[in-house]
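The block underneath contains the structure these notes are about, expressed in structure tokens.
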Amino acid sequence: MKNNYLFIGLIAACLMAAVFTSCSEYSSGPSYYAPNDSAVGGGSESSGFELSSLARMFASLPIGLEQMEEVKDAASSSICNGYDEEYTMKQLVEAPGCGVGDSPTKAGSYARPLRDMLAEYLAVETKAGARDVEEYLNALSGSDLQIYWPFSEDWDGEQLPIITFDPGYGSEYNYGYKIGLDAGGFHVVDSVYVDESVAREHPVWVINSNDDAGYTPLDMYKLENTQTKSGPRMLYLRSFKMLRQYDSWFRGGSEFFVKCGAVNGFHATTEAEMRLYYPSVTDFMVVVKRKQLGEEIPYNGIIMTDFTNQLENLAFLITEDDGGTQTSWKCSATVKVKSKSYGFECDIPYNEKDDIVWRGQLSATFFQEADYVSGRFGDVLISFVLE
């Protein structure tokens, strides 16, 4: 790993020299400059790459509408798969145009994908050999980094991006590199101020770390009335609404984890039978994009497949992912056997740095009050259906 970091560092040093001295097609002109990185941060210890250097390198590429379409294709596909508006470096290098959750076989056909532009830049501007270029791209692919494009759905199909990076420390603003063309059609870059209001009006690519690619988002289901009155009742999460943003916009939208601990399909009639049952934990991810703040988002996700009248309490936990060491919430779910209550111990996992949005017990009667019930859990509103 140390050798990889040393290699990345050497390439980065060459990139810095190339950015400011080159007169090739990658040259950005005299308006291209970078403030002192140490004033804003931007390192990524887990990847070995410095985010600010990557932003400068991407900004120095002769990006045009085809490359915009490539990133837009990936971001749109990630959204369709239940993730945020993101394009991982792994997909960029190995499967151009693919979003998070896509099979590499879905890679798009682009005359000049960003991957090839990066390889050309490294070869021309840093004089790196073919093996060094391949090693650099492999290291980039193996990192946890990505291009995040907030509000990508609003792109007008014409504007070129501002490229910036997550400065860390929860900051809401940073500098970025605005790409454009001058009167002669030459590629130019200007350093500009970037915050979320700028990102709403102009396409902005943020180089940051991916937080959700390793998780499976809430599967979408169609509510179909296939059950009979005598059949098992299913508990669904019908909709989800976020009332405030949980992270800096540089880090993307919010990834909520909804976890429910209960004894699914409990039908014991004696204490001896009760020993045959064990609690289970339903755990799924709900991604809320920045622009969806305050919107009611429909989700038909199954929480329990056999909700019985013997359930008394369910353990319920909602977190917003911020990483860290895994820990757990020790809690209990309660059932009834011949009018006596019994508790089942549950361990519901979460990460120590996560925001605890809400945790506690929910009475089974809450879900039975009406066909459609809703409640506020911290700063989110959730509705449920029991059918």
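Convention: chains lettered A, B, ... in structure tokens order; per-chain residue numbering from 1; ligands numbered from 1 as shown.
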Practice item. Tell me which protein, DNA and RNA residues are within 8 Å of segment 285-295 of chain A, counting only C-alpha atoms, leaving out same-chain ones fewer than 5 positions away, and put them as a ChimeraX atom specification. Key: /A:82-85,150-151,215-218,241-245,249,252-258
Point to revise | DSSP-assigned strand (DSSP E or B) members of segment 151-208 of chain A, reported as number ranges by chain | key: A: 162-165, 173-181, 187-195, 204-208
Exercise for review: List every residue of segment 78-320 of chain A that DSSP, applied to the backbone of this structure, places in alpha helix (DSSP H), and write the result as an NGL selection string.
Suggested key: :A and (78-80 or 89-94 or 114-125 or 130-141 or 196-201 or 271-274)
**Study point:** Nearby residues (only C-alpha atoms) at most 12 Å from Asp306 of chain A, same-chain spacing under 4 positions excluded, as a list of chain:residue names
**Key:**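 So the residues in contact are A:Gln227, A:Ser230, A:Gly231, A:Pro232, A:Arg233, A:Met234, A:Leu235, A:Tyr236, A:Ala262, A:Val263, A:Asn264, A:Gly265, A:Phe266, A:His267, A:Ile302, A:Gln310, A:Leu311, A:Leu386, A:Glu387.
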Practice item. Work out how far atom CA of Asp190 of chain A is from atom CA of Tyr177 of chain A, in Å to one decimal. Key: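 It comes out at 5.5 Å.
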Practice item. In Å, rounded to a single decimal, give me how far atom CA of Cys346 of chain A is from atom CA of Ala333 of chain A. Key: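 So the two atoms, atom CA of Ala333 of chain A and atom CA of Cys346 of chain A, lie 7.1 Å apart.
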Exercise for review: Name all residues at most 9 Å from Pro298 of chain A (count only C-alpha atoms; drop same-chain ones fewer than 3 positions away) and give them as a ChimeraX atom specification.
Suggested key: /A:237-241
Exercise for review: May I have the residues within 8 Å of segment 194-202 of chain A as a list of chain:residue names, using only C-alpha atoms and disregarding those fewer than 6 positions away in the same chain?
Suggested key: A:Pro150, A:Phe151, A:Trp155, A:Gln159, A:Pro161, A:Ile162, A:Thr164, A:Glu172, A:Tyr173, A:Asn174, A:Tyr175, A:Gly176, A:Trp249
Let me see the file: selected residues, N, CA and C atoms, as a compact mmCIF listing (two decimals), in the first residue's frame.
# COMPACT_ATOMS: atom_id res chain seq x y z
N PRO A 150 -24.63 16.87 -8.19
CA PRO A 150 -25.92 17.24 -7.62
C PRO A 150 -26.79 17.96 -8.66
N PHE A 151 -28.07 17.70 -8.61
CA PHE A 151 -29.06 18.34 -9.50
C PHE A 151 -28.77 18.03 -10.97
N TRP A 155 -29.76 19.51 -15.73
CA TRP A 155 -28.78 19.99 -16.71
C TRP A 155 -29.47 20.36 -18.02
N GLN A 159 -24.34 23.53 -20.88
CA GLN A 159 -23.28 24.08 -20.04
C GLN A 159 -22.25 23.03 -19.67
N PRO A 161 -19.07 21.82 -17.02
CA PRO A 161 -19.13 21.82 -15.55
C PRO A 161 -18.16 22.73 -14.85
N ILE A 162 -18.49 23.00 -13.60
CA ILE A 162 -17.52 23.47 -12.61
C ILE A 162 -17.07 22.21 -11.88
N THR A 164 -15.11 20.64 -8.65
CA THR A 164 -14.62 20.96 -7.32
C THR A 164 -14.43 19.66 -6.55
N GLU A 172 -19.57 24.24 3.65
CA GLU A 172 -20.63 24.39 2.66
C GLU A 172 -20.16 25.12 1.41
N TYR A 173 -18.89 25.53 1.36
CA TYR A 173 -18.39 26.23 0.18
C TYR A 173 -16.95 25.82 -0.09
N ASN A 174 -16.51 26.09 -1.31
CA ASN A 174 -15.15 25.74 -1.73
C ASN A 174 -14.85 26.51 -3.01
N TYR A 175 -13.64 26.37 -3.51
CA TYR A 175 -13.35 26.88 -4.85
C TYR A 175 -13.53 25.74 -5.84
N GLY A 176 -13.76 26.08 -7.08
CA GLY A 176 -13.90 25.08 -8.12
C GLY A 176 -13.36 25.63 -9.42
N TRP A 249 -23.43 19.56 1.40
CA TRP A 249 -23.84 19.19 0.05
C TRP A 249 -22.69 18.57 -0.74
Revision key, fill the gap. In terms of only C-alpha atoms, the residue from A:Ala74, A:Val357, A:Ala123, A:Ala55 at minimal distance from Gly99 of chain A is A:Ala74
List every residue of segment 214-303 of chain A that has an atom at most 9 Å from any atom of segment 336-344 of chain A, and for each one report the closest atom pair and its distance in Å to one decimal, counting only C-alpha atoms, with rows sorted by chain and then by increasing residue number, as CSV.
residue,atom,partner,partner_atom,distance
A:Ala262,CA,A:Phe344,CA,8.1
A:Val263,CA,A:Phe344,CA,7.9
A:His267,CA,A:Val337,CA,8.7
A:Ala268,CA,A:Val337,CA,6.8
A:Thr269,CA,A:Val337,CA,5.8
A:Thr270,CA,A:Val337,CA,6.5
A:Glu271,CA,A:Val337,CA,7.3
A:Met274,CA,A:Val337,CA,8.2
A:Tyr278,CA,A:Phe344,CA,7.3
A:Pro279,CA,A:Phe344,CA,6.5
Check your understanding: Within 8 Å of Ser76 of chain A, counting only C-alpha atoms, which residues qualify if same-chain residues fewer than 3 places away don't, as number ranges by chain?
Key -> A: 72-73, 79-80, 85, 99, 152-153
Requested write-out: N, CA and C atoms of the selected residues, as a compact mmCIF listing (two decimals), in the first residue's frame:
# COMPACT_ATOMS: atom_id res chain seq x y z
N LYS A 72 -23.55 12.12 -17.09
CA LYS A 72 -25.01 12.19 -16.91
C LYS A 72 -25.63 10.80 -17.01
N ASP A 73 -25.17 9.99 -17.97
CA ASP A 73 -25.69 8.63 -18.11
C ASP A 73 -25.47 7.83 -16.82
N ILE A 79 -29.30 6.79 -10.06
CA ILE A 79 -30.59 7.19 -9.49
C ILE A 79 -31.61 6.09 -9.70
N CYS A 80 -31.68 5.55 -10.92
CA CYS A 80 -32.65 4.49 -11.23
C CYS A 80 -32.43 3.24 -10.37
N GLU A 85 -26.74 10.65 -7.16
CA GLU A 85 -26.31 11.06 -8.50
C GLU A 85 -24.78 10.94 -8.61
N GLY A 99 -23.72 3.31 -13.95
CA GLY A 99 -23.97 3.84 -12.64
C GLY A 99 -23.72 2.81 -11.56
N SER A 152 -28.18 16.87 -11.23
CA SER A 152 -27.84 16.49 -12.60
C SER A 152 -29.08 16.40 -13.49
N GLU A 153 -30.22 16.11 -12.90
CA GLU A 153 -31.46 15.99 -13.68
C GLU A 153 -31.88 17.32 -14.29
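As for atom CA of Ile163 of chain A and atom CA of Arg115 of chain A, they are spaced 16.4 Å apart.
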